[in-house]
Amino acid sequence: MSTLSATNRSRQKVLGYPVDVVDQELALSVIESAWQNGKGLHIVTLNAEMVVAAQQDAELDRIIRHAHLIIPDGAGIVWAVRLAGQNIYRLPGIELAAAALERAGQSGRSVALIGGRDEIVSRLAHDLPMRYPGLKVSGYHHGYFTIDEAESIVDDLSRHNPELVLVALGVPKQEYFIDRFASQFPHAVIIGVGGSFDVWAGQVKRAPALMRRLHLEWLYRLATEPWRWRRIGAALPNFGFQVVGDLLKGANKKNNKKGKPDTQADSTPRNE
Ligand code: UDP
């Protein structure tokens with residue numbers, strides 16, 4: 001996509017899924033340039049659980065691959081890219097989304113909030129402009145609507161042309177939603193933000209800074225929200241085994257190539 005080639009960020013692959021090597025500043029510059037050029041931008045915040053889900057879900061797979069910017073949200077993604085010998089740092093989606101809100105405020109832009117419980121999203125619609133001066137909330141809606149209601153909700157929200165759209169329905173609901181309705185927000189930066197509304201509203205706590213620094217936020221979430229075991233418990237080991245398996249296969253291929261006798265090498269004069 002053109003927005004990708006416009007920056008100097010590199011793209012890596014994790015189990016075949018693209019991930020952009022970006023820090024917050026670079027990601028924000030991509031967002032700014034989308035705003036300035038009036039282009040739509042879909043940002044996916046990739047983690048290990050999402051990769052494993054996409055391997056079994058052709059629709060999610062397609063949506064991730066077609067996103068304009070895919071940020072390394074999860075520690076597993078960072079681990080896999082580093083294991084393959086490339087340097088990368090984690091960029092949590094919740095932090096990029098908060099930074100995007102701040103930037104939007106600084107330039108007087110507007111945001112639409114979709115998802116979360118009614119009392120949470122309405123509290124945020126009230127609080128965010130105070131937290132980020134200059135920010136306008138052009139509209140909001142809770143995330144507990146039926147498929148039939150979705151269209152009229154989006155019609156309502158898109159009428160005000162928000163420049164930032166944050167969708168907090170969890171994976172993969174939010175990705176399906178974005179895929180289906182992005183064309184109604186043709187000039188917006190759209191980010192699927194999972195449970196970020198709950199955190200911003202003070203309903204859910206993020207891991208302490210030390211755990212975040214040690215890339216153990218996932219462990220904190222498992223400990224504080226044990227129902228996640230069902231979802232993450234199987235996905236993480238599955239992801240880990242696949243990444244290590246891929247790496248070993250790659251190393252084997254290299255070794256096999258090295259082991260083959262190189263008939264030309266003998267006849268080539270050496271420089272020493
Ligand atoms: N949610 C929603 N509608 C739904 C299901 C979930 O609005 O039908 C919201 C829920 O209230 C929560 C968020 O989506 O705020 C999902 O948060 P979670 O941390 O589970 O997302 P993840 O990032 O793990 O996918």
# chains A, B, ... in the order shown; residues from 1 in each chain; ligands from 1
$ residues_near_ligand --ligand "ligand 1" --cutoff "10 Å" --atoms "only C-alpha atoms and all ligand atoms" --output "VMD selection string"
chain A and resid 45 to 47 49 to 50 93 to 94 114 to 118 120 to 121 141 to 146 167 to 175 192 to 199 203 to 204 218 221 225 227 to 228 231 to 232
$ residues_around --residues "range 32-44 of chain A" --least-positions-apart "5" --cutoff "8 Å" --atoms "only C-alpha atoms" --output "PyMOL selection string"
chain A and resi 3+64+67-71+163+185-192
$ select_by_dssp --residues "range 66-208 of chain A" --states "strand (DSSP E or B)" --output "VMD selection string"
chain A and resid 69 to 72 110 to 115 136 to 141 164 to 168 189 to 192
$ residues_around --residues "Ser158 in chain A" --least-positions-apart "3" --cutoff "8 Å" --atoms "only C-alpha atoms" --output "PyMOL selection string"
chain A and resi 154-155+161-162+184-185
$ write_last_selection --atoms "N, CA and C atoms" --output "mmCIF file, in the first residue's frame"
data_model
loop_
_atom_site.group_PDB
_atom_site.id
_atom_site.type_symbol
_atom_site.label_atom_id
_atom_site.label_comp_id
_atom_site.auth_asym_id
_atom_site.auth_seq_id
_atom_site.Cartn_x
_atom_site.Cartn_y
_atom_site.Cartn_z
ATOM 1 N N VAL A 154 -23.424 3.200 12.467
ATOM 2 C CA VAL A 154 -22.313 3.713 11.660
ATOM 3 C C VAL A 154 -22.761 4.911 10.820
ATOM 4 N N ASP A 155 -23.966 4.851 10.282
ATOM 5 C CA ASP A 155 -24.485 6.001 9.514
ATOM 6 C C ASP A 155 -24.433 7.259 10.366
ATOM 7 N N ASN A 161 -17.919 12.832 10.068
ATOM 8 C CA ASN A 161 -16.560 12.688 9.527
ATOM 9 C C ASN A 161 -15.448 12.706 10.573
ATOM 10 N N PRO A 162 -15.466 11.812 11.536
ATOM 11 C CA PRO A 162 -14.374 11.800 12.520
ATOM 12 C C PRO A 162 -13.050 11.449 11.827
ATOM 13 N N GLN A 184 -17.001 3.783 5.137
ATOM 14 C CA GLN A 184 -17.838 4.913 5.555
ATOM 15 C C GLN A 184 -17.043 5.968 6.333
ATOM 16 N N PHE A 185 -15.778 5.634 6.599
ATOM 17 C CA PHE A 185 -14.890 6.613 7.251
ATOM 18 C C PHE A 185 -13.642 6.757 6.364
#
$ atom_distance --atom1 "CA of Val21 in chain A" --atom2 "CA of Gly105 in chain A"
25.9 Å
$ atom_distance --atom1 "CA of Leu219 in chain A" --atom2 "CA of Pro92 in chain A"
14.9 Å
$ atom_distance --atom1 "CA of Arg62 in chain A" --atom2 "CA of Arg159 in chain A"
27.8 Å
$ select_by_dssp --residues "range 7-239 of chain A" --states "alpha helix (DSSP H)" --output "PyMOL selection string"
chain A and resi 24-37+48-55+58-66+75-83+93-106+118-131+147-158+173-181+196-200+209-213+217-224+228-239
$ closest_residue --among "A:Ala112, A:Leu15, A:Met211, A:Ala58" --to "Asp156 in chain A" --atoms "only C-alpha atoms"
A:Ala112
$ residues_around --residues "Gly245 in chain A" --least-positions-apart "6" --cutoff "12 Å" --atoms "only C-alpha atoms" --output "compact mmCIF listing (two decimals) with N, CA and C atoms, in the first residue's frame"
# COMPACT_ATOMS: atom_id res chain seq x y z
N LEU A 15 5.42 -15.85 11.44
CA LEU A 15 4.61 -16.96 10.93
C LEU A 15 3.85 -16.54 9.68
N ALA A 80 9.39 -13.21 18.65
CA ALA A 80 9.56 -13.96 17.40
C ALA A 80 10.46 -13.21 16.42
N LEU A 83 14.03 -13.33 17.70
CA LEU A 83 14.59 -14.67 17.54
C LEU A 83 15.09 -14.87 16.11
N ALA A 84 14.44 -14.20 15.18
CA ALA A 84 14.85 -14.31 13.77
C ALA A 84 16.00 -13.35 13.46
N PRO A 237 1.35 -21.29 23.76
CA PRO A 237 2.29 -22.38 23.45
C PRO A 237 2.26 -22.77 21.97
N ASN A 238 1.09 -22.77 21.39
CA ASN A 238 0.96 -23.08 19.96
C ASN A 238 1.84 -22.12 19.14
N PHE A 239 1.71 -20.84 19.46
CA PHE A 239 2.50 -19.80 18.76
C PHE A 239 4.00 -20.05 18.96
N ALA A 251 17.05 -22.97 9.88
CA ALA A 251 18.46 -23.27 10.18
C ALA A 251 18.88 -24.55 9.47
N ASN A 252 17.98 -25.54 9.44
CA ASN A 252 18.28 -26.80 8.75
C ASN A 252 18.54 -26.58 7.28
$ closest_residue --among "A:Leu91, A:Leu128, A:Val244, A:Leu135" --to "Ala201 in chain A" --atoms "only C-alpha atoms"
A:Leu128
